[in-house]
Structures are given as C-alpha cells and as structure tokens.
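Enquirer: Right, I'll just put the structure down here and ask away after.
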Number of protein chains: 6
Amino acid sequence: MFFHRQELQHKASPDRPDAVYARKLQEVLGGQYGEITVAMQYGFQSWNVHLPGKYRDLLFGIGTEEFGHVEMLATMIAQLLGDAPLGITDDAVQDDPTVAAVIGGTDIQHAIVAGAGARPVDSMGNPWMASYITASGNLMADFHANANAEMQGRVQVARLYHMTDDHGVRDLLGFLLARDTVHQNQWLAAIEQLKEDGLEQLPVPSNFPQRKEEQSVKYEYINFSDGQHAGDGRWAHGPTPDGQDEFTYVAEPDSGVAMPPPTRPDARFYGTTDMPNPVEKVAGEVQDKLKTE
Amino acid sequence: MFFHRQELQHKASPDRPDAVYARKLQEVLGGQYGEITVAMQYGFQSWNVHLPGKYRDLLFGIGTEEFGHVEMLATMIAQLLGDAPLGITDDAVQDDPTVAAVIGGTDIQHAIVAGAGARPVDSMGNPWMASYITASGNLMADFHANANAEMQGRVQVARLYHMTDDHGVRDLLGFLLARDTVHQNQWLAAIEQLKEDGLEQLPVPSNFPQRKEEQSVKYEYINFSDGQHAGDGRWAHGPTPDGQDEFTYVAEPDSGVAMPPPTRPDARFYGTTDMPNPVEKVAGEVQDKLKTE
Amino acid sequence: MFFHRQELQHKASPDRPDAVYARKLQEVLGGQYGEITVAMQYGFQSWNVHLPGKYRDLLFGIGTEEFGHVEMLATMIAQLLGDAPLGITDDAVQDDPTVAAVIGGTDIQHAIVAGAGARPVDSMGNPWMASYITASGNLMADFHANANAEMQGRVQVARLYHMTDDHGVRDLLGFLLARDTVHQNQWLAAIEQLKEDGLEQLPVPSNFPQRKEEQSVKYEYINFSDGQHAGDGRWAHGPTPDGQDEFTYVAEPDSGVAMPPPTRPDARFYGTTDMPNPVEKVAGEVQDKLKTE
Amino acid sequence: MFFHRQELQHKASPDRPDAVYARKLQEVLGGQYGEITVAMQYGFQSWNVHLPGKYRDLLFGIGTEEFGHVEMLATMIAQLLGDAPLGITDDAVQDDPTVAAVIGGTDIQHAIVAGAGARPVDSMGNPWMASYITASGNLMADFHANANAEMQGRVQVARLYHMTDDHGVRDLLGFLLARDTVHQNQWLAAIEQLKEDGLEQLPVPSNFPQRKEEQSVKYEYINFSDGQHAGDGRWAHGPTPDGQDEFTYVAEPDSGVAMPPPTRPDARFYGTTDMPNPVEKVAGEVQDKLKTE
Amino acid sequence: MFFHRQELQHKASPDRPDAVYARKLQEVLGGQYGEITVAMQYGFQSWNVHLPGKYRDLLFGIGTEEFGHVEMLATMIAQLLGDAPLGITDDAVQDDPTVAAVIGGTDIQHAIVAGAGARPVDSMGNPWMASYITASGNLMADFHANANAEMQGRVQVARLYHMTDDHGVRDLLGFLLARDTVHQNQWLAAIEQLKEDGLEQLPVPSNFPQRKEEQSVKYEYINFSDGQHAGDGRWAHGPTPDGQDEFTYVAEPDSGVAMPPPTRPDARFYGTTDMPNPVEKVAGEVQDKLKTE
Amino acid sequence: MFFHRQELQHKASPDRPDAVYARKLQEVLGGQYGEITVAMQYGFQSWNVHLPGKYRDLLFGIGTEEFGHVEMLATMIAQLLGDAPLGITDDAVQDDPTVAAVIGGTDIQHAIVAGAGARPVDSMGNPWMASYITASGNLMADFHANANAEMQGRVQVARLYHMTDDHGVRDLLGFLLARDTVHQNQWLAAIEQLKEDGLEQLPVPSNFPQRKEEQSVKYEYINFSDGQHAGDGRWAHGPTPDGQDEFTYVAEPDSGVAMPPPTRPDARFYGTTDMPNPVEKVAGEVQDKLKTE
C-alpha cells in the first residue's frame, strides 16, 4: 500500500517560468531513464522478488522514493509553464528573438493537450513506455540494470544543469544529482552484497551449468573489425572478472560454417522458390486444388 | 564499412521444425535484450565515441560480431518454421493435442506476414524498437548498460535452453551462452580499464563538480517503506563504492517542504480554476473578446 | 511524497497457480484501462491541477489508492505464475490437453523475460504506454475521462470474473469491482460538484465564448448514414443537456462547399505537379541550379 | 459502404500559409483526441454494436461525419503548408526572427516526408495509434468515452483558436467547436436514453450481480493522501449517483493484510532465491543435469 | 465528405463462429498491410495531391472503397466471435483439445476489451499505427508504395484462404483477392500513365538534377557479400530500367576513405574523452565553475 | 558473418557544425525510409529467402552496403553536432536570431541523451521501429517494397539536399542519391528477372489459383467518389498490366448486400443488448448465478 503526504522531499520551484526548459526537463521525468522508469522498475522488481528481507526492503525503499521524485519534477514543470505564452497571435515574435526561440522550442502539447501542465513524455514528446523497464527476477542482472539507470540518469541531469541558470531549478537538480550519486553507489554495493551472501556470482546467471556452454570460444576476444588496438585492453588478456579464466585475443575470426540451404516451406505460403516452371505450375495448381477443396 | 561472408560463426540448424519454439526464440533475436539490441547499441556507441584507439576498436569488434548473431538466430528461426503447419483446415486438431498447442502457441505473423520466415519482433510479437538501446557518450555509464544487456541476454538464453530438447538448438544456445559469458566479462573489464586509465571514476559522470550537489542527503539510505531489514545491507552502512564517504541509514524520511500552490495559467487554456463566478465569467468573456479580436 | 507499507489493501493470493489466467489478468494491470493507467492519470491530474483544496485532495486520495491496486495485481500475477511450467521438453503435452492450452495461452515473456514475474504489459503483451492517460487541466473534461476509465475497468474486471473459478482470484476481483463501483460514482459526483460550485458547466470548456462558434450547425443531428432511426433518440429532438437549446434532426447533410484546388508547393519538394513538360523541366533545372549553387 | 463527394462540409482555407500553425493543428487531426480517433472509435463501436436501430444509426451517423472532419483538417493543413520555406540555405534566418521561429517550430516531416502535405501524426510528431480508441461493447461505458473525447477535443480546439488570428483558420475552428458542442451534448443525451430505455444503469456494467462485490468497501471514500478537504465534496457524503447508497468518508485507510511471502519458482528460471549455498548449488547442478539431459 | 450506406459491398458472414480464426483475420484488418492501412494511405495521398483531375479522382475512388473493406472485415470478425467461449471455468478444456487450441489461439482482448468485437489491431495484438502509411507527394514513388501494399495484402489474404474451410469466410476472401488483383494492376497502370503524361520518369524523383549525383558510382552493382552469383542478374549488366545507362558489376568494393577522427564535444556533455588526467581535471573544474556560475 | 573495416565508403564530414541540420538528417538515418530500414529489410529478406544463388547474393550484397550507409550518416551527424551549443544559459539568444533558431530546431535528445551523438530516431524523434520493414518471402512483392523504399528514400535525400549549402554534407548526399538511383533501378531489374526466370508473374502471388477469386468484380474500376475523371486513366480501360484481361469502368458502385444483424454474445461479456428489461434482468441474474457459482 502507498500513502501520500502533500509535501515534497525538496523544494521544487523555479525563479521564473521557462517553457523551453520545461520541455527539456521532461526527459528526466518521462524519458528512457527518467524518474517514471526507475520508480516503475524498482516497483516491479520488488513485486516479483523471490527473497524476503533486506533485498526486498531495499527495492521498496528506493522505489517509493522515486515516485516522490516523479512528483517533484511534475510539480516543477507545471510551474515552469505557469505563465507560458499561448501562441503567436500577438506581434511579439516579430520583435523579440527570445519569443521566437520559445515558440520553436516548446513541447506544443504542454499547451494544447495539458493546458500548461506536465506530461508523461520525454523531451521529444515520446510517451513513456513500459518497455523501458527491466525486472528479470535475477537480482545480479537487475542491480546492474539499476546502477546503469542511475548513471544514465545522473549524466542527463548533469547536462540539464548547464542548460539553465535559474537558481530554483538548479537547486532541485543539485538535490537529484545527490540522490543519483547515492543510488548508483547503493546498487553497486548491493551487487557486492549478493556475492558476499553467496546468492549470485559471475557470470550471470551463475547457476547455469557452465559445462553446457561451448568451451572453445569462452573468454576469447574475437576481432571482427580491423582496428589494431582492441588487443591492448584488459578485455583481451589477463584474468577475467569472474575469476574463472584468462582472456585470449583472436586477431581474426576463424572461418565459420557454411550457411544451411534456404528453407522451402509449404507452397501455400506463396513464397518464391525455384520450383515452378509453367508445367510445374499447372501441376501445382491441380495439387493445390485437391488440397484446398 | 561492413562486409558479409556467407558463413555462420557457428552451426545454426535444428534437428526438427518447431514453430512454437521459433516464437520463443524471437525474444533473443528481436526483444528488449535480443541480438538486434546489442548490435545496434554497440554500433551507435562506436559511431558516437569520443576516443580513438582501443575503446573504439572494442566497440566495433564486439558490435560487428553481434550482427552475425542476429543472422544466426534469424537463420535458425527460419529453419524451425520450415515445415510449419499452415492452419487448422485439416482435422488434426481434433485428434492431436500437440497440434492444438502449436496452433495456440505460434507467432501468427510467422505464417501470415513472413511466410514461414523470421521476424524482427520479440516473443510476444512486439516489433523491435530503437528505444531499447543506450549510447550516452559516457563510456562508464554505457559499459554498465552493456554489461547489463549481456547479463539479461544470458539469463534469457539460459531459460530458453530448458524449453527445448532439440540438440541443434541447444548447440547454438550453448555457443551464445559462451559468448554472453565472455562479453559480460569484457564490459566489466572495460569498466576497470577506464578507471585505470584515469578516464572515468565513480560516481558517473565523474567530472561533474560534486560540490554543486545537495550535500545533506548524499550517501543516505532513506527508508520510504516500512521494511525493517534494509539497514542490514552494505548499501546502508560502511564505505561507499566510489570511495568518497560512508553510507548512513535514515529510518524515516525527514519532513519535506510544503507543496507550492497550484499554478493558474492564462484563462485561454480553459483549465479549471477557482476564479470564475457568474459575474467574473462575463467580465472574463469581455476581456477575452478584447484580447482575441 | 509517497510512503509504502508492506501490506496489501486486500488479500491477493490465488488458490492455485494458473499461468494462462495470469496473462489475462495483465489486462487490468498494464492495459489501456488497467490500474497503471488510473494511478498515473490521477497522479498527473493532481500535479497539474489549478485548484487547491477538495478537488486536489480527491485526486491525490484516489490516485494513491490506485498505486496500491497496481501492487495487488502484480502480487497476484506473480503468485499465479509461481509454479508455471517452463516449457515443453517434458512429454506432458502429448498426453494432456490442459498443458497444451497452457503452452499456447501464456504470456511467453512471463517466463523468458520476467522469470515467472508480473510484467507492465496488457494481456496481448503490449507494454503500457503513457499515451493512455488524460490530464487536460479542465476538470469537467477530465472527470468524464475518469468516470469512463472506471467504467471500462469495471467491465473488464467483470468479464475476467467469469473466466476463472479460483476463489482467491475471485475474492480480489470482488474487491476491485467494489472500488470501481465507488470510484465511478465519485467521478460522476465530482462532475455535479463542479457545476454546483459554479466552476464548470456544459459544454466543456464552458468559458469559451460560444458566440464564436458557427451558429447554423449547433445542436443539429446530421445524418451521414442511411439508417432511419437515429431521429428517434433524445439526441435528435428535445432539450440539449447543456440546457441551452433544442436538438434538431437533419435527415440529409446539406450540400457542402467545393474543395479548394490542390496545393502546388516549391518544386524542390519534388512532388508531382502538372507543370513539367520537357521544356519546362530544363528551364526548371537551370533555375534550380541558380537557386542551389 | 462509404461514398465520397468532392466537397467539404465547411470551408477549409486559410488566409495565408503558416507552417508553424500547421504543426499545431496536427494535434486535432492525428492526436489522442483528434478527428481520426473519433472517426475510428465510432466506426468500431458501430461495427461491434449488439443493438439494431437508433443506437447503431447514431454511431454510423456521427462516425461518418467525423471522417469528413479528418478530410477538412488534412485539407487545411496542406494549404497552411502550401508555401512553406524549404530550409535555411537562404540567408533569411540571419535577418528575420520570424523565420527563425518557423524553422524551430515546424514539423520537419511535413517537409522531408510529406513534401508539404498533412501527416497522420499529432503536434509532436507521434504517429496516430489505434490504442487511442475505445469500443467495449457496453454502450453506457462507451458513450462516456465518447462524451469525454468530444470534451477533450473541444478544449484543444478552443486553445488552438487563440493561437492564430488567421480568419480562414478561425472560421473552420468555429465550425468544429459547434460540432463538438452538439456531439458532446448528444453522447450525454444518449446516456440518458439508455437509462430511459432500461438498457443500462449505473454502475457500469449494470447487470453484473453486485452481491458478488466486496460489500464492506462499497461507497467509501478512503483518504490515502493527507489532504484535509476531500471529505467536503459530494463524493464523500450524500447519495451516490447510482441511487443505491450513501457515500461515507474514511479519514485513514484501515490496516491491510500482510503481503504474501515471495514466490520461489522453478530453479531453471534463474531468479535469485535464498536457497543456493555452495553445497546446495552443486546438488542443484546435478539435479539440473538429470532434468535437462 | 463521406457518406455511409448500411450495406456491404459483398456478403461477410461466416458459416460458424471461430474465435481462433477471428484473430488471424485481424492481420488484414489492422496489420501493416491491412485494410486500415490502404484506406488511410490513399486518403492522405488524395488530400495532399498536387494535381486535380484523374489522379485525384483515382485516389479518392479506391480509398473510399477501402474504408468499406475495413467495415466488411470488422463485421466478419464480430460474427466469428459471436459465440466465443468466455474462458475455462467450465471443464471443457480437460476433455476437448479443440477448446485447448481456442484458448491458446485467441486474441484475449477480443473477449476482455471488446466483448466479442473486432479490434483495430493486427493478428499479434499490435495496435494499428499511422507510421504504416506512405504519402510523399511524389506520385511515382507513392504508386509503387500502393502497388506493394496491394501485393503484400493479396499474399496475406491468399495465406489466410488456406487456414480455414469456412465457406462464408472463403467467399469474402475470394472477393477481397479479386479486388487486390485489380488494385495492384491499377497502381501499375497508373505508373505507366504518369510516364505517358510526362509527369514523372525514373529515377524517382525525376526532376532532381542528376549531374549533382556522384557520377563514379552510378549504376554500379557493388558486391559487399561473398556470393558468386549476383553478377548473373539483370541488375548487374545490361541497360538500366530508367534507360539512362548500363549496369556494371564491381566484384569487390573499392577501398574507402579513412574515418574522420572522433568528435570531442563541450566538456559539459560529460562524454568520455582522453583529455582529463588528474591535473587537467582540476583545471577543468575551475573552468567549469567560471562558466557555470 | 559480418566484418567491419574502419573506413567509410565515401567521405562524410561537414564543412561546419550545424545542429539544426543534424536533426533533419536523422530522417534518412532512423526514419521510416531511412538507412536502418533498408539495411534491416534486405537483411531479413536474405535470411528468409527460399532461393539459393543470385537472388540471395543480391539481397546480401545490397543489404550489407546499407549497413555501411547507416554508419556514414551516424558519423556525419556526430560531426554536425560536434560543437553544438549546450543551452541558453549564455545571453546569446537575446542577441542572435540564429541561435534562437538553433535552440528551437534541434533534437533535444542529441544533447541530453546522446551527449552530441547520433540517435536511432527520425527527424521528429520517433525511435526506429521494426514495423517499418517488409519481408514476406514472396520476392515479387518484396522487390516492389524495395523499389518503393529506394524511391521514397531518394525523394527525401533530394529534399534534404536543398536544406543546406554545406559542401561536405552535399557531397555525401550526392553520393547517397547516386546509390539510391542505382538501387531503385536494380530492384526494378530484379522484378523483370523474376518474370524472365518464370519464378513469379502478376498478380502477386502468381500461383494462387485465380479461379477462386470472385470473377464478377475482377478488373473493374469502381468509382466510390464523385470525381468525373477517374475513367480517363489507363487503370479504367485497356489491357491490364498482368496481361490477363481489360479494365472496365463502373461509374457507380452496385447496390451491396444488407448488413448482417448485430451479434448478441454471451451475457457475461456485459455488452449492451435489447434483452434486459427489469423483469428479464432479475431472471438473468438468477441464470448468471447458476452459471457462475
């Protein structure tokens, strides 16, 4: 069960309206790595989790905080739009390049659809989609997904920080950056915790019987591009992070196997094959007739 | 530039057709974490990369291999569909529960749209979407995205392994599992390499000036759910993975700040506000008239 | 701010696993009119609202309850999947038509992607999309959207009720039906409240100056189909619900106006027009050359 | 069967081209509540309807009119684009802020994809999607959906009205506003007609046996947010609109029930559980081997 | 303007209900090449056309017929669903493999969302999307798109023909096949007409000044795969269809040009570059500080 | 298998950065008819093809080239963004209308999401979708799809050519135009080759037994719009392109057949029918009770 208190975790008021920036801020509300994504991602991970106790508590704890971040950003965006200009019926645009920028740079649906309100979309107007989220049931994989989400999110907030000089907006972004910092640290810590608790190891999933893998190509870097430097990295020599082997470098892919011959499905799929010549075709039609009548 | 050789990196032929399994296999071809995703993800990362040398070579090298994996899976699926039944005009379904299963469990578009061919969709028929991929320009963040993609992909292939006993299919899956193993190890190694080379550190992005973050909430675990165990994990006490501080545990969120008052945009957005009473409304209409005529 | 308690508003445990039904239940979790939709819809309406006080409280109050409904359904679905069969490697399908049904009727991503967990999708596997929600800033319009959402939702739950005889599932559905009943009543009551408070009237939006509408076609039912009975309904005669006029019935549309002539844009758009003959084309090329070089 | 006459129901020609406004107008052509939506929505409702006579005639009658509205808007947009500038190869932008606005504010695909033609998209360029429409077979629910669609549509057209001062455009919008006025009245009248005819009542669906609902929470307003005023509205006390009961106000949600314990699916899903310790894991592998070979 | 008559162009009633087939038939109603696609495609082409007279009449004429085909298929599907089973609460599935097939093979939303009605989706449940349609303003290109659409559509209907033995369904499909036959012939004839009328030639667009193209690679077949036979086709030697040259065959791609060096954008994008070493980083931070404060 | 060489088929470097144009160029990278579409389309056609030899070689050959075109465009876009301005914190916009245009006209995600990198989206920011591609297994149909794709693509590139005067960009577009010219010629040549080889004829699919089509409406142009000129085209008289008959012109559609009566599904779908009056309803509830308990 969720409960709501009519407060915000941090102040979310701009110094002044800015409809162009409101659109940009939509990215971290409704984009691929926006707050809706992390809120829903941690939510589904917690509802599907197979472990009671600290891991489930962690998922619920951070997930619920993120729903509050959704609210802070929506509230901020609504205020940035508070005095948004309605359009260009006034003559402003002829005289004022700032107005021209505003007109070109806003999310038009902020005005037409939401009446100067926040929208569940990214900065280009794509509606948020649940295909952004990840919840596999394997916590080692999912915690990597979570760490990545917090990193991508923090990169985006950092970029947005430099696109405004509004102190109210920057104050909120500074808060979000701090929470992204701790959250990315926490998911990385949770990965370590999983290992310590003996619940998961590398490679993920760790309890698939590795002897069923093709042994000959394990831990090989195979160079499918003609760059000369890939062999210089830690991914091409030395111990593998899962501690099971050493990387080897293969400068050129081995010759593969011949492609199987093309398939030739049932004639009633009407694909193009090399069978029909005029005679065969008539024969085929007769056969078809027998089949289909 | 890409070049193509009419060979496969590994044999990709099933022992026998299986249209139901063909549909399942679509997940790792055209799903969120399928081979199209990783091929395109590494592709865009390499085209956008800001570093010459070993990192770019790595991205091109693995990315190009993945396009070949797309090809292997498409080839396998086409063969699994090679003798797919066309429908239920025969009386088979009345007599044979396996046929019933086949009819219910296939991707119908395999037959109607592709004529017994592979499709660029996931196992539920959703077309592959470019919003699955990640390429931020920040390699630390992106390598975490890549490690996650290989982990999710390997989890899915491992599950698929147990859903068939066809030796040809399992042979290919065993090969893909091995390559997923090495690739997830390689992206983790690349993360270490970035740190060693002094190019990126935690938190990501590492060169955003951290003093601009809100200091009071950094490295706090704030418990927004009433679970009692979140404080037991490494994410709530001890040193943070970025090496900059210690986690602290906050059992209950601090009181926040009051929500800002609702916005009251221009009346011509026709949102509902508490202004209009019958008298004001007439006044408003007059005003509107002056504005808009 | 949102807070979470590790309880459910109502018991959400099935008598027994049922992977086929789990897929069906996804519709009211992640479908067009599922619980994610109403939770997010009321959320965005509350963040964008222009009125303090009872209307905002109402939106927050019901909206937050709906997030708890999302959780109840996700929890139920995870349990329905708890013992889901993994695939068809066993020989069960040959012997047991129920297994055949299960195999054909499940959401395959429940197994491959979520590892027997709930997913943010509808019953056909389409990911939830934010374009399902409505938040216009006009409460009269939005409360109609809300009433509709609760009605469509209750119709779907009612249908689902008859598709299972599991008592645990039916118990939860009985609870959801009751809440849908009260919620649809509440949005209809809120519509009346808006009228009483003098905040909005019909037609929506009520403060657009109606004299700017084309007067000649207001309140006419114009019959564009050849059915003979549309004139018998209350929509074709008698007083209009907004209390401003009487409906009239127009048995056949008036003759319209001629279509404007086709547009003929700049030649550099390379649309097909009737200008170019061989001579003009050369002339055009010369002109193009001058323009573009 | 549909028939077409090369006339428009109302004049649809602008005074002058305006590519920026053409983009805005796309919202009511191809957006969530644009004309394509209502045309297709009423179409599917009429094809699926279970009643002959006046209701079906109504759906066909209005639905067919809406296809003509699609045409009027597409025609208008094509003309607004008639002399659209092609780009910025000229030096205009350096000198003229209006041109700058135009360049930033247009739908780029109007030029590149459609060659100065209308497009089946909304004002942010999202293609129209059939998931916008509603056709449940329950007319009471669907007529509420229709009333809402006409209200949302009229709100959007009203907003658009103030974003231009082109008399030709405003003339068409004035016509559309009038038709939206009558249509929203008509769907509300149709709701009354259904009740009068004894075909449907509240709550929707009215013939689900209400005794199967959970009785204890029916007609309760449960306050999941800490706002103090929700109890003041008609949704929290007094008779319910369905005439069956009185609302009651519950200031704080009752304590719920404990969450069920986490699920623990088949090990071959490779989710993270608390089972495996090093010993169990070996045992598990042996067991897996037996199962899968 | 469109008008509707409550008749169908051809009989559209099945011999008996068949919910599994209803789902399959959705493909040619709401799929990529279904009737909604061609109706909307020809519609937008006609509204955007730059030519009065016979071409516009052709587009309106066929386009309007296609709206009637949408109606015929929706009507057929609703009837196929007329007696659809509601679910599996009965014991039928235990006893009857046909029921098992039905349960697995239906579009679940036919029942839960549409109440046994047609839906605007394809056979896998993907909602129809306007990104399926093409209307470029260039009639030569668009008529090829139209011919392709009719061909793909006819292939799909032909496949569907063999998936049922219901005489009513086959009767309708036989009608649709005939109309697809004539329509694909008509778009090919229209292509010839455009050439005859001197309005468009090959290559499309024909009035782009070809001397601006890179001359050295025109009309070359360049073999990027190692197949030995591509040189045997008419695409590799002999006159080109546009009558302007001869094809030549290039057995191996020429060496290309070196890739440009990686980009190095503004540091405030936080991409990974090779600049920052510990010293530079401090310097960078100072610089950032000056920039951003 | 694919291999990569770190070269480009043609130079892809602009004279100067231009973030507004970078957005426009996205259309032919990630749009409906962009390079990703043709690369993936020819890829899936080749993996699904039923013929060995020259047709498969052709598909692989051109398809692989197109992957290289994806790379050239991504490389070009990254460079156009190389010095993109970060935002409007500087005062530039007040002084410089060009900056205003840039701000309004860029793809915001280029900055926030990709850090000045290319994105897999179209010019309006819609992510590339696999539903853009076509691979039916019928080569005659698919080659028409391919010819159309190259035509639409060339029209778009031609339009883009006039939207810049950057010599580096135009040099690349001139190269792409040349390749589009040859590719559209090649697919048309391949259509001829199929006919010559006796593999496919018109109408597509050519081996469906045409006597099963409804004979009475074959080759009729039926005029569903009131335009007077459609009868003047080659699609309404004279020999049909498939060589099997003559077109005929039908000035007005024949009267159709009556619509079937509405369906009346199981009451438990809760659709609205004309059965229930107050008495019947009670009876119905009793019946329901018996059915569902």
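We name chains A, B, ... following the order of the structure tokens; residues begin at 1 in each chain, and ligands are numbered from 1 as shown.
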Which residues are near Gln9 (chain F)? Cut-off 7 Å, only C-alpha atoms, ignore same chain within fewer than 5 positions. Put them as a list in words.
Expert: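 My reading of the contact set: Met1 of chain B; Gly256 and Val257 of chain E.
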Enquirer: Please list as an MDAnalysis selection string every residue within 9 Å of Val38 (chain B), counting only C-alpha atoms and excluding residues in the same chain fewer than 6 positions away.
Expert: chainID B and resid 63 66:67 133 146 149:150
Enquirer: Export, as a tab-separated table (two decimals), in the first residue's frame, the selected residues with N, CA and C atoms.
Expert:
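Written file, again.tsv:
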```tsv
chain	number	residue	atom	x	y	z
B	63	GLY	N	30.51	-5.24	-31.55
B	63	GLY	CA	29.29	-4.86	-32.27
B	63	GLY	C	29.13	-5.63	-33.57
B	66	GLU	N	28.01	-9.13	-33.14
B	66	GLU	CA	26.60	-9.27	-32.80
B	66	GLU	C	25.69	-9.24	-34.03
B	67	PHE	N	26.07	-8.47	-35.06
B	67	PHE	CA	25.27	-8.52	-36.29
B	67	PHE	C	25.27	-9.94	-36.85
B	133	ILE	N	17.87	0.87	-27.02
B	133	ILE	CA	19.33	0.98	-26.95
B	133	ILE	C	19.79	2.23	-26.20
B	146	ASN	N	26.02	-2.03	-21.13
B	146	ASN	CA	26.40	-3.19	-21.94
B	146	ASN	C	26.52	-4.45	-21.08
B	149	ALA	N	23.11	-5.61	-20.42
B	149	ALA	CA	22.48	-6.22	-21.59
B	149	ALA	C	22.95	-7.65	-21.78
B	150	GLU	N	24.24	-7.89	-21.59
B	150	GLU	CA	24.77	-9.25	-21.75
B	150	GLU	C	24.26	-10.17	-20.64
```
Enquirer: DSSP on the backbone, then: every residue of region 100-208 of chain D marked helix (DSSP H, G or I), written as a PyMOL selection string.
Expert: chain D and resi 100-105+108-112+130-132+139-161+167-196
Enquirer: Neighbouring residues of Ala190 (chain C) were defined as those with any atom within 9 Å, considering only C-alpha atoms; residues of the same chain fewer than 6 positions away were excluded. Please report them as a PDB file with N, CA and C atoms, in the first residue's frame.
Expert:
```pdb
ATOM      1  N   TYR C  55     -10.721  19.409  -4.503  1.00  0.00           N
ATOM      2  CA  TYR C  55     -10.525  18.679  -5.754  1.00  0.00           C
ATOM      3  C   TYR C  55      -9.131  18.054  -5.817  1.00  0.00           C
ATOM      4  N   MET C 140     -13.754  19.297 -15.669  1.00  0.00           N
ATOM      5  CA  MET C 140     -15.010  18.721 -16.169  1.00  0.00           C
ATOM      6  C   MET C 140     -14.711  17.653 -17.222  1.00  0.00           C
ATOM      7  N   PHE C 143     -12.829  14.678 -15.449  1.00  0.00           N
ATOM      8  CA  PHE C 143     -13.661  13.807 -14.612  1.00  0.00           C
ATOM      9  C   PHE C 143     -14.517  12.881 -15.483  1.00  0.00           C
TER      10      PHE C 143
ATOM     11  N   GLY D 233     -16.461  17.150  -0.338  1.00  0.00           N
ATOM     12  CA  GLY D 233     -17.114  17.058  -1.648  1.00  0.00           C
ATOM     13  C   GLY D 233     -18.281  16.083  -1.652  1.00  0.00           C
ATOM     14  N   ARG D 234     -19.068  16.174  -2.708  1.00  0.00           N
ATOM     15  CA  ARG D 234     -20.238  15.295  -2.860  1.00  0.00           C
ATOM     16  C   ARG D 234     -19.852  13.841  -3.034  1.00  0.00           C
ATOM     17  N   TRP D 235     -18.584  13.589  -3.283  1.00  0.00           N
ATOM     18  CA  TRP D 235     -18.112  12.211  -3.473  1.00  0.00           C
ATOM     19  C   TRP D 235     -17.853  11.521  -2.136  1.00  0.00           C
TER      20      TRP D 235
END
```
Enquirer: Which one of B:Pro239, B:Gly43, B:Gly227, B:Pro52 sits closest to chain A if you count only C-alpha atoms?
Expert: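 Smallest separation from chain A among the options: B:Gly227.
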Enquirer: What's the 6 Å shell around Phe247 (chain D), counting only C-alpha atoms, without same-chain residues fewer than 6 positions away, as number ranges by chain?
Expert: D: 219-220, 236-238
Enquirer: Output N, CA and C atoms of each residue in that selection to a file, as a compact mmCIF listing (two decimals), in the first residue's frame.
Expert:
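Saved result, part19.txt, follows:
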```
# COMPACT_ATOMS: atom_id res chain seq x y z
N TYR D 219 -18.79 2.25 -1.72
CA TYR D 219 -19.26 3.62 -1.46
C TYR D 219 -18.49 4.33 -0.36
N GLU D 220 -17.32 3.81 -0.03
CA GLU D 220 -16.42 4.50 0.89
C GLU D 220 -15.43 5.38 0.14
N ALA D 236 -18.05 12.25 -1.02
CA ALA D 236 -17.71 11.69 0.29
C ALA D 236 -18.89 11.63 1.24
N HIS D 237 -20.00 12.19 0.84
CA HIS D 237 -21.21 12.09 1.68
C HIS D 237 -22.42 12.30 0.78
N GLY D 238 -23.58 11.96 1.28
CA GLY D 238 -24.80 12.12 0.49
C GLY D 238 -25.01 10.95 -0.44
```
Enquirer: CA of His162 (chain B) to CA of Glu200 (chain A): how many Å, to one decimal?
Expert: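 One can read the CA of His162 (chain B) to CA of Glu200 (chain A) distance as 19.8 Å.
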Enquirer: Please report as number ranges by chain which residues of chain F come no farther than 7 Å from chain B, using only C-alpha atoms.
Expert: F: 1-9, 47-48, 64-65, 67-68, 71, 74-75, 78, 113-115, 117-118, 120, 127-131, 135-137
Enquirer: What's the separation between CA of Ala145 (chain F) and CA of Ala141 (chain E), in Å to one decimal place?
Expert: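 Interatomic distance here is 10.6 Å.
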